[in-house]
Every structure is written in C-alpha cells, then in structure tokens.
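Data from final14.pdb: PDB, C-alpha atoms and all ligand atoms
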```pdb
ATOM      1  CA  MET A   1      18.722 -58.669 -12.639
ATOM      2  CA  LEU A   2      20.213 -55.222 -13.326
ATOM      3  CA  ARG A   3      17.821 -52.297 -13.410
ATOM      4  CA  PRO A   4      17.666 -50.739 -16.941
ATOM      5  CA  ARG A   5      19.620 -47.562 -16.056
ATOM      6  CA  ARG A   6      22.358 -49.573 -14.405
ATOM      7  CA  ARG A   7      22.484 -51.860 -17.454
ATOM      8  CA  ILE A   8      22.769 -48.885 -19.820
ATOM      9  CA  PHE A   9      25.530 -47.430 -17.660
ATOM     10  CA  LYS A  10      27.433 -50.734 -17.675
ATOM     11  CA  LYS A  11      27.267 -50.800 -21.486
ATOM     12  CA  TRP A  12      28.345 -47.146 -21.712
ATOM     13  CA  ARG A  13      31.160 -47.866 -19.282
ATOM     14  CA  ARG A  14      32.402 -50.758 -21.460
ATOM     15  CA  ASN A  15      32.233 -48.628 -24.618
ATOM     16  CA  HIS A  16      34.133 -45.785 -22.965
ATOM     17  CA  ASN A  17      36.776 -48.067 -21.519
ATOM     18  CA  LEU A  18      36.047 -46.852 -17.985
ATOM     19  CA  SER A  19      37.586 -50.041 -16.650
ATOM     20  CA  VAL A  20      40.907 -48.157 -16.631
ATOM     21  CA  ILE A  21      39.511 -45.736 -14.034
ATOM     22  CA  ASN A  22      40.114 -46.510 -10.385
ATOM     23  CA  PRO A  23      36.715 -47.526  -8.900
ATOM     24  CA  VAL A  24      37.188 -45.069  -5.998
ATOM     25  CA  VAL A  25      37.517 -42.274  -8.527
ATOM     26  CA  GLU A  26      34.802 -43.322 -10.973
ATOM     27  CA  LYS A  27      31.910 -41.805  -9.048
ATOM     28  CA  TYR A  28      33.716 -38.450  -8.913
ATOM     29  CA  TRP A  29      34.868 -38.653 -12.529
ATOM     30  CA  LEU A  30      31.243 -38.850 -13.571
ATOM     31  CA  GLN A  31      30.748 -35.520 -11.767
ATOM     32  CA  ARG A  32      33.864 -33.965 -13.320
ATOM     33  CA  TYR A  33      32.153 -30.961 -14.907
ATOM     34  CA  SER A  34      30.502 -29.995 -11.633
ATOM     35  CA  LEU A  35      33.927 -30.138  -9.986
ATOM     36  CA  PHE A  36      35.671 -28.145 -12.736
ATOM     37  CA  SER A  37      33.580 -26.769 -15.594
ATOM     38  CA  LEU A  38      36.803 -26.484 -17.639
ATOM     39  CA  TYR A  39      37.731 -30.108 -16.918
ATOM     40  CA  ASP A  40      38.345 -30.899 -20.592
ATOM     41  CA  GLU A  41      40.964 -28.148 -20.913
ATOM     42  CA  GLY A  42      43.489 -30.337 -19.056
ATOM     43  CA  ILE A  43      42.567 -30.249 -15.365
ATOM     44  CA  GLN A  44      44.911 -32.395 -13.247
ATOM     45  CA  MET A  45      43.696 -34.503 -10.346
ATOM     46  CA  ASP A  46      44.916 -37.345  -8.205
ATOM     47  CA  GLU A  47      42.889 -39.809  -6.157
ATOM     48  CA  GLU A  48      42.630 -37.600  -3.071
ATOM     49  CA  GLY A  49      41.975 -34.587  -5.284
ATOM     50  CA  TRP A  50      38.966 -36.309  -6.832
ATOM     51  CA  TYR A  51      37.164 -36.920  -3.571
ATOM     52  CA  SER A  52      38.341 -33.717  -1.893
ATOM     53  CA  VAL A  53      37.861 -30.916  -4.394
ATOM     54  CA  THR A  54      35.060 -28.500  -3.590
ATOM     55  CA  PRO A  55      32.439 -28.549  -6.381
ATOM     56  CA  GLU A  56      32.816 -25.431  -8.485
ATOM     57  CA  GLU A  57      29.403 -23.954  -7.743
ATOM     58  CA  ILE A  58      30.028 -24.210  -3.983
ATOM     59  CA  ALA A  59      33.551 -22.795  -4.321
ATOM     60  CA  ILE A  60      32.125 -19.840  -6.264
ATOM     61  CA  ARG A  61      29.598 -19.097  -3.500
ATOM     62  CA  GLN A  62      32.312 -19.321  -0.842
ATOM     63  CA  ALA A  63      34.548 -17.010  -2.860
ATOM     64  CA  GLN A  64      31.764 -14.464  -3.376
ATOM     65  CA  ARG A  65      31.792 -13.891   0.378
ATOM     66  CA  CYS A  66      35.487 -12.999   0.276
ATOM     67  CA  ALA A  67      35.686 -10.878  -2.883
ATOM     68  CA  SER A  68      38.829  -8.749  -3.286
ATOM     69  CA  ARG A  69      40.354  -9.829   0.026
ATOM     70  CA  VAL A  70      43.695 -11.411   0.856
ATOM     71  CA  VAL A  71      42.903 -15.092   1.431
ATOM     72  CA  ILE A  72      45.022 -17.902   2.825
ATOM     73  CA  ASP A  73      43.868 -21.304   1.580
ATOM     74  CA  GLY A  74      45.628 -23.533   4.119
ATOM     75  CA  PHE A  75      44.728 -26.857   2.471
ATOM     76  CA  THR A  76      44.722 -26.057  -1.235
ATOM     77  CA  GLY A  77      44.523 -29.521  -2.791
ATOM     78  CA  VAL A  78      44.163 -29.307  -6.574
ATOM     79  CA  GLY A  79      42.931 -25.740  -6.265
ATOM     80  CA  GLY A  80      39.140 -25.938  -6.386
ATOM     81  CA  ASN A  81      38.743 -23.139  -3.844
ATOM     82  CA  ALA A  82      41.922 -21.159  -4.540
ATOM     83  CA  ILE A  83      40.948 -20.729  -8.199
ATOM     84  CA  GLN A  84      37.504 -19.362  -7.382
ATOM     85  CA  PHE A  85      38.929 -16.952  -4.775
ATOM     86  CA  ALA A  86      41.303 -15.664  -7.449
ATOM     87  CA  ARG A  87      38.465 -15.318  -9.964
ATOM     88  CA  MET A  88      36.711 -13.202  -7.350
ATOM     89  CA  HIS A  89      39.704 -10.787  -7.423
ATOM     90  CA  CYS A  90      41.275 -12.077  -4.234
ATOM     91  CA  LYS A  91      45.011 -12.304  -3.667
ATOM     92  CA  VAL A  92      45.497 -15.919  -2.583
ATOM     93  CA  VAL A  93      48.220 -17.693  -0.638
ATOM     94  CA  ALA A  94      47.675 -21.362  -1.516
ATOM     95  CA  ILE A  95      49.409 -23.836   0.804
ATOM     96  CA  ASP A  96      49.538 -27.623   0.580
ATOM     97  CA  ILE A  97      51.834 -30.118   2.213
ATOM     98  CA  ASP A  98      51.894 -32.295  -0.932
ATOM     99  CA  PRO A  99      54.059 -30.890  -3.760
ATOM    100  CA  ARG A 100      52.061 -32.823  -6.381
ATOM    101  CA  LYS A 101      48.885 -31.087  -5.246
ATOM    102  CA  ILE A 102      50.543 -27.696  -5.637
ATOM    103  CA  GLU A 103      51.729 -28.706  -9.120
ATOM    104  CA  SER A 104      48.175 -29.665 -10.076
ATOM    105  CA  ALA A 105      46.731 -26.520  -8.470
ATOM    106  CA  LEU A 106      49.140 -24.363 -10.506
ATOM    107  CA  ASN A 107      48.249 -26.231 -13.707
ATOM    108  CA  ASN A 108      44.538 -25.846 -12.951
ATOM    109  CA  ALA A 109      44.865 -22.156 -12.069
ATOM    110  CA  LYS A 110      46.540 -21.576 -15.458
ATOM    111  CA  ILE A 111      43.542 -23.155 -17.175
ATOM    112  CA  TYR A 112      41.300 -20.598 -15.452
ATOM    113  CA  GLY A 113      43.816 -17.822 -16.202
ATOM    114  CA  VAL A 114      44.289 -16.830 -12.550
ATOM    115  CA  GLU A 115      47.746 -18.190 -11.696
ATOM    116  CA  GLY A 116      49.097 -14.630 -11.395
ATOM    117  CA  GLN A 117      46.889 -13.926  -8.381
ATOM    118  CA  ILE A 118      47.956 -16.978  -6.399
ATOM    119  CA  ASP A 119      51.188 -17.571  -4.456
ATOM    120  CA  PHE A 120      51.683 -21.335  -4.340
ATOM    121  CA  VAL A 121      53.464 -22.684  -1.264
ATOM    122  CA  VAL A 122      54.473 -26.266  -0.510
ATOM    123  CA  GLY A 123      54.404 -26.575   3.254
ATOM    124  CA  ASP A 124      52.621 -27.557   6.433
ATOM    125  CA  PHE A 125      49.915 -25.009   7.146
ATOM    126  CA  LEU A 126      49.946 -25.924  10.835
ATOM    127  CA  GLN A 127      53.607 -24.955  11.065
ATOM    128  CA  GLN A 128      53.163 -21.745   9.102
ATOM    129  CA  ALA A 129      49.844 -20.506  10.465
ATOM    130  CA  SER A 130      51.226 -18.324  13.253
ATOM    131  CA  SER A 131      53.459 -16.368  10.866
ATOM    132  CA  LEU A 132      50.790 -15.595   8.251
ATOM    133  CA  LYS A 133      48.542 -12.570   7.916
ATOM    134  CA  ALA A 134      45.430 -12.202   5.757
ATOM    135  CA  ASP A 135      41.858 -10.931   5.721
ATOM    136  CA  VAL A 136      40.465 -14.461   5.429
ATOM    137  CA  VAL A 137      41.821 -17.866   6.420
ATOM    138  CA  PHE A 138      39.989 -20.603   4.536
ATOM    139  CA  LEU A 139      40.438 -24.177   5.754
ATOM    140  CA  SER A 140      39.250 -27.260   3.923
ATOM    141  CA  PRO A 141      41.278 -30.003   5.652
ATOM    142  CA  PRO A 142      41.351 -33.639   4.549
ATOM    143  CA  TRP A 143      38.278 -35.601   5.595
ATOM    144  CA  GLY A 144      39.700 -39.092   5.186
ATOM    145  CA  GLY A 145      37.983 -40.118   1.971
ATOM    146  CA  PRO A 146      35.165 -42.440   1.029
ATOM    147  CA  SER A 147      36.502 -45.336   3.124
ATOM    148  CA  TYR A 148      34.612 -43.730   6.035
ATOM    149  CA  LYS A 149      31.683 -45.844   4.824
ATOM    150  CA  ASN A 150      33.483 -48.973   6.035
ATOM    151  CA  VAL A 151      33.877 -47.696   9.584
ATOM    152  CA  LYS A 152      31.077 -48.607  11.975
ATOM    153  CA  LYS A 153      31.494 -45.534  14.102
ATOM    154  CA  PHE A 154      33.089 -42.375  12.675
ATOM    155  CA  THR A 155      34.722 -40.468  15.504
ATOM    156  CA  LEU A 156      36.443 -37.094  15.216
ATOM    157  CA  ASP A 157      39.859 -38.598  15.875
ATOM    158  CA  LEU A 158      39.575 -40.337  12.490
ATOM    159  CA  LEU A 159      39.783 -36.948  10.797
ATOM    160  CA  LYS A 160      43.118 -35.644   9.546
ATOM    161  CA  PRO A 161      45.326 -33.727  10.120
ATOM    162  CA  LYS A 162      46.084 -34.993  13.607
ATOM    163  CA  ASP A 163      47.239 -32.954  16.586
ATOM    164  CA  VAL A 164      45.822 -29.643  15.391
ATOM    165  CA  ILE A 165      45.159 -28.339  18.894
TER     166      ILE A 165
HETATM  167  N1  LIG B 201      39.636 -27.358  -0.976
HETATM  168  C1  LIG B 201      40.514 -28.162  -1.829
HETATM  169  C2  LIG B 201      40.656 -29.574  -1.322
HETATM  170  C3  LIG B 201      41.467 -29.702  -0.060
HETATM  171  S1  LIG B 201      41.845 -31.382   0.271
HETATM  172  C4  LIG B 201      40.000 -28.130  -3.258
HETATM  173  O1  LIG B 201      38.876 -27.661  -3.488
HETATM  174  O2  LIG B 201      40.696 -28.578  -4.168
HETATM  175  C5  LIG B 201      42.882 -31.246   1.635
HETATM  176  C6  LIG B 201      44.346 -31.027   1.291
HETATM  177  O3  LIG B 201      45.037 -30.776   2.514
HETATM  178  C7  LIG B 201      45.070 -32.196   0.635
HETATM  179  O4  LIG B 201      45.507 -31.805  -0.646
HETATM  180  C8  LIG B 201      46.295 -32.468   1.543
HETATM  181  O5  LIG B 201      47.490 -32.727   0.825
HETATM  182  C9  LIG B 201      46.388 -31.165   2.305
HETATM  183  N2  LIG B 201      47.023 -31.220   3.638
HETATM  184  C10 LIG B 201      46.949 -32.195   4.576
HETATM  185  N3  LIG B 201      47.608 -31.844   5.690
HETATM  186  C11 LIG B 201      48.124 -30.606   5.452
HETATM  187  C12 LIG B 201      48.901 -29.684   6.233
HETATM  188  N4  LIG B 201      49.265 -29.993   7.487
HETATM  189  N5  LIG B 201      49.226 -28.506   5.679
HETATM  190  C13 LIG B 201      48.839 -28.183   4.420
HETATM  191  N6  LIG B 201      48.122 -29.016   3.633
HETATM  192  C14 LIG B 201      47.757 -30.202   4.146
END
```
Take the structure I supplied and represent it as structure tokens, if you would.
Amino acid sequence: MLRPRRRIFKKWRRNHNLSVINPVVEKYWLQRYSLFSLYDEGIQMDEEGWYSVTPEEIAIRQAQRCASRVVIDGFTGVGGNAIQFARMHCKVVAIDIDPRKIESALNNAKIYGVEGQIDFVVGDFLQQASSLKADVVFLSPPWGGPSYKNVKKFTLDLLKPKDVI
C-alpha cells in the first residue's frame, strides 16, 4: 500500500499532467525553484542541465568568494554558476562544448539581466585552457548523471571528461 504522502503526490502528479515529464528529470523539476528562483520567467534546461546545474543558493555562495574578478567557467552548462558570478559583478568567460547549452545559458542569463557581463563561447575547455587568462578558473565538469546508482562500483574513470591529464 502507498504511504499517504506518496499517494497524494501521485494524485497531484496526475492532475498536473506530470506524465509528460521524463522520469529522470522529474525529481529535479520538483526542485526547480531551488535551481533557478526565476524558473517561471522562461528558464531553459535539457536533461543533462537538470541534473547538473548548481543549485542557486550554492552558486551564490561560490560567486561571493570571487566577487568582481575575471572568471572562466570552463563547463558552463545552462549557466547556473556563470549567472551568479555575473550577478556578483564578475566578468565571466562561459565555455561549453555543447552549443545548445550555451544557447540555454544565454537565454537564462538574459532572464537574470546579466548577459552583458558574460562572453559565451562554444568550445572544448580542455583545448582552450592553456590560452586563457583570468583571476579565477571555475570547473564544474560533468559527473555522469543519476545512472551512477546502477553501477556497483563507481570508479574515477567513469567520470567525464576523459583524458584530462
Ligand atoms: N555548473 C553548470 C553545470 C555544468 S554541467 C551549471 O550550474 O549550470 C557540465 C557541462 O560541461 C555540460 O554542459 C557539458 O556539455 C560540458 N562539457 C563537457 N565536456 C566539456 C569540455 N571538454 N569543454 C567544455 N564543456 C564541456
């Protein structure tokens, strides 16, 4: 038998037509306002973005430590960190290998009104790293996603990107 809270959630889910949401994403969607407080203004995400974005409160704390600096965000994703750096008066170089992520990050930065402080770059950070200069290099590389739960033993070689050293 379902516990009452679970039953209520199932009913709520049916009423809100959550069946259209990818089950991998659902857990993160329920946390959407802690990921982006302005979520309802038109924040764009994709599946990897959902499980990768740094929760806003954490991104704010990280950015507070870098206020007013030049920051390279080498793995920008949908912009969770880059946006908070910019809000903390940083000049940000936001790099991601996936053009769709950069598109979403730009859209999301506009929602927070900080797109003017961020240079968006589609590219491989590992290729570009040696030619970049900044006060801070912030790295939040992909962690592989929630499927790690299905692996018996999680070894470091399962992390991406590969061949960093
Ligand atoms: N901190 C981000 C999330 C980063 S997720 C946020 O808060 O939104 C990690 C990102 O690294 C993914 O978007 C992925 O496309 C990107 N990525 C993976 N390999 C990369 C590489 N070699 N260079 C740049 N970006 C890369």
Item to check | Nearby residues (only C-alpha atoms) at most 12 Å from Arg32 of chain A, same-chain spacing under 3 positions excluded, as a list in words | outcome: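 In the requested format, the answer is Val25, Glu26, Lys27, Tyr28, Trp29, Leu35, Phe36, Ser37, Leu38, Tyr39, Asp40, Glu41, Gly42, Ile43, Gln44, Met45, Gly49, Trp50, Tyr51, Val53, Thr54, Pro55, Glu56 and Gly80 of chain A.
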Listing only residues of chain A within 9 Å of ligand LIG 201 (chain B), what is the closest atom pair and its distance in Å (to one decimal) for each, using all atoms listed in the file, sorted by chain and residue number ascending, as a Markdown table?
```
| residue | atom | partner | partner_atom | distance |
| --- | --- | --- | --- | --- |
| A:Leu35 | CA | B:LIG201 | O1 | 8.5 |
| A:Glu48 | CA | B:LIG201 | O4 | 6.9 |
| A:Gly49 | CA | B:LIG201 | O2 | 6.2 |
| A:Trp50 | CA | B:LIG201 | O2 | 8.4 |
| A:Tyr51 | CA | B:LIG201 | S1 | 8.2 |
| A:Ser52 | CA | B:LIG201 | S1 | 4.7 |
| A:Val53 | CA | B:LIG201 | O1 | 3.5 |
| A:Thr54 | CA | B:LIG201 | O1 | 3.9 |
| A:Pro55 | CA | B:LIG201 | O1 | 7.1 |
| A:Glu56 | CA | B:LIG201 | O1 | 8.2 |
| A:Ala59 | CA | B:LIG201 | O1 | 7.3 |
| A:Asp73 | CA | B:LIG201 | N1 | 7.8 |
| A:Gly74 | CA | B:LIG201 | C13 | 5.7 |
| A:Phe75 | CA | B:LIG201 | O3 | 3.9 |
| A:Thr76 | CA | B:LIG201 | C1 | 4.7 |
| A:Gly77 | CA | B:LIG201 | O4 | 3.3 |
| A:Val78 | CA | B:LIG201 | O2 | 4.3 |
| A:Gly79 | CA | B:LIG201 | O2 | 4.2 |
| A:Gly80 | CA | B:LIG201 | O1 | 3.4 |
| A:Asn81 | CA | B:LIG201 | O1 | 4.5 |
| A:Ala82 | CA | B:LIG201 | O1 | 7.3 |
| A:Ile83 | CA | B:LIG201 | O1 | 8.6 |
| A:Ile95 | CA | B:LIG201 | C13 | 5.7 |
| A:Asp96 | CA | B:LIG201 | N6 | 3.6 |
| A:Ile97 | CA | B:LIG201 | N6 | 4.1 |
| A:Asp98 | CA | B:LIG201 | O5 | 4.8 |
| A:Pro99 | CA | B:LIG201 | O5 | 8.2 |
| A:Arg100 | CA | B:LIG201 | O5 | 8.5 |
| A:Lys101 | CA | B:LIG201 | O4 | 5.8 |
| A:Ile102 | CA | B:LIG201 | O4 | 8.2 |
| A:Ala105 | CA | B:LIG201 | O2 | 7.7 |
| A:Val122 | CA | B:LIG201 | C13 | 7.7 |
| A:Gly123 | CA | B:LIG201 | C13 | 5.9 |
| A:Asp124 | CA | B:LIG201 | N5 | 3.6 |
| A:Phe125 | CA | B:LIG201 | N5 | 3.9 |
| A:Leu126 | CA | B:LIG201 | N4 | 5.3 |
| A:Gln127 | CA | B:LIG201 | N4 | 7.6 |
| A:Gln128 | CA | B:LIG201 | N5 | 8.5 |
| A:Phe138 | CA | B:LIG201 | N1 | 8.7 |
| A:Leu139 | CA | B:LIG201 | N1 | 7.5 |
| A:Ser140 | CA | B:LIG201 | N1 | 4.9 |
| A:Pro141 | CA | B:LIG201 | C5 | 4.5 |
| A:Pro142 | CA | B:LIG201 | C5 | 4.1 |
| A:Trp143 | CA | B:LIG201 | C5 | 7.5 |
| A:Lys160 | CA | B:LIG201 | N3 | 7.0 |
| A:Pro161 | CA | B:LIG201 | N3 | 5.3 |
| A:Lys162 | CA | B:LIG201 | N4 | 8.5 |
| A:Val164 | CA | B:LIG201 | N4 | 8.6 |
```
Item to check | Residue neighbourhood Arg65 of chain A, 12 Å, only C-alpha atoms, exclusion window fewer than 5 positions, as a list in words | outcome: Ile58, Ala59, Ile60, Val71, Gln84, Phe85, Met88, His89, Cys90, Asp135, Val136 and Phe138 of chain A
Keeping C-alpha atoms, export the residues of the selection given above as a compact mmCIF listing (two decimals), in the frame of the given file.
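Below you can see selection.txt, which holds the result:
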```
# COMPACT_ATOMS: atom_id res chain seq x y z
CA ILE A 58 30.03 -24.21 -3.98
CA ALA A 59 33.55 -22.80 -4.32
CA ILE A 60 32.12 -19.84 -6.26
CA VAL A 71 42.90 -15.09 1.43
CA GLN A 84 37.50 -19.36 -7.38
CA PHE A 85 38.93 -16.95 -4.78
CA MET A 88 36.71 -13.20 -7.35
CA HIS A 89 39.70 -10.79 -7.42
CA CYS A 90 41.28 -12.08 -4.23
CA ASP A 135 41.86 -10.93 5.72
CA VAL A 136 40.47 -14.46 5.43
CA PHE A 138 39.99 -20.60 4.54
```
Checklist entry - Of the candidates A:Val24, A:Ile72, A:Lys153, A:Pro146, which shows the shortest atom-to-atom distance to Leu132 of chain A, using all atoms listed in the file? => result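 Going through A:Val24, A:Ile72, A:Lys153, A:Pro146 one by one, the smallest distance to Leu132 of chain A is for A:Ile72.
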Item to check | Between atom CA of Pro23 of chain A and atom CA of Glu47 of chain A, distance in Å (one decimal) | outcome: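 Going from atom CA of Pro23 of chain A over to atom CA of Glu47 of chain A covers 10.3 Å.
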Next on the checklist: So, with only C-alpha atoms as the atoms that count, which of A:Asp46, A:Val121, A:Ala129, A:Arg7 lies closest to Ser104 of chain A?
Outcome noted: A:Asp46
Checklist entry - atom CA of Ala63 of chain A and atom CA of Arg87 of chain A, how far apart in Å? => result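 Computing the Euclidean distance for atom CA of Arg87 of chain A and atom CA of Ala63 of chain A yields 8.3 Å.
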Next on the checklist: Could you tell me, as a list of chain:residue names, exactly which residues end up selected when the PyMOL selection byres (((chain A and resi 115) around 10) and not hetatm) is applied to this structure?
Outcome noted: A:Ala82, A:Ile83, A:Ala86, A:Arg87, A:Val92, A:Ala105, A:Leu106, A:Asn107, A:Asn108, A:Ala109, A:Lys110, A:Ile111, A:Tyr112, A:Gly113, A:Val114, A:Gly116, A:Gln117, A:Ile118, A:Asp119, A:Phe120
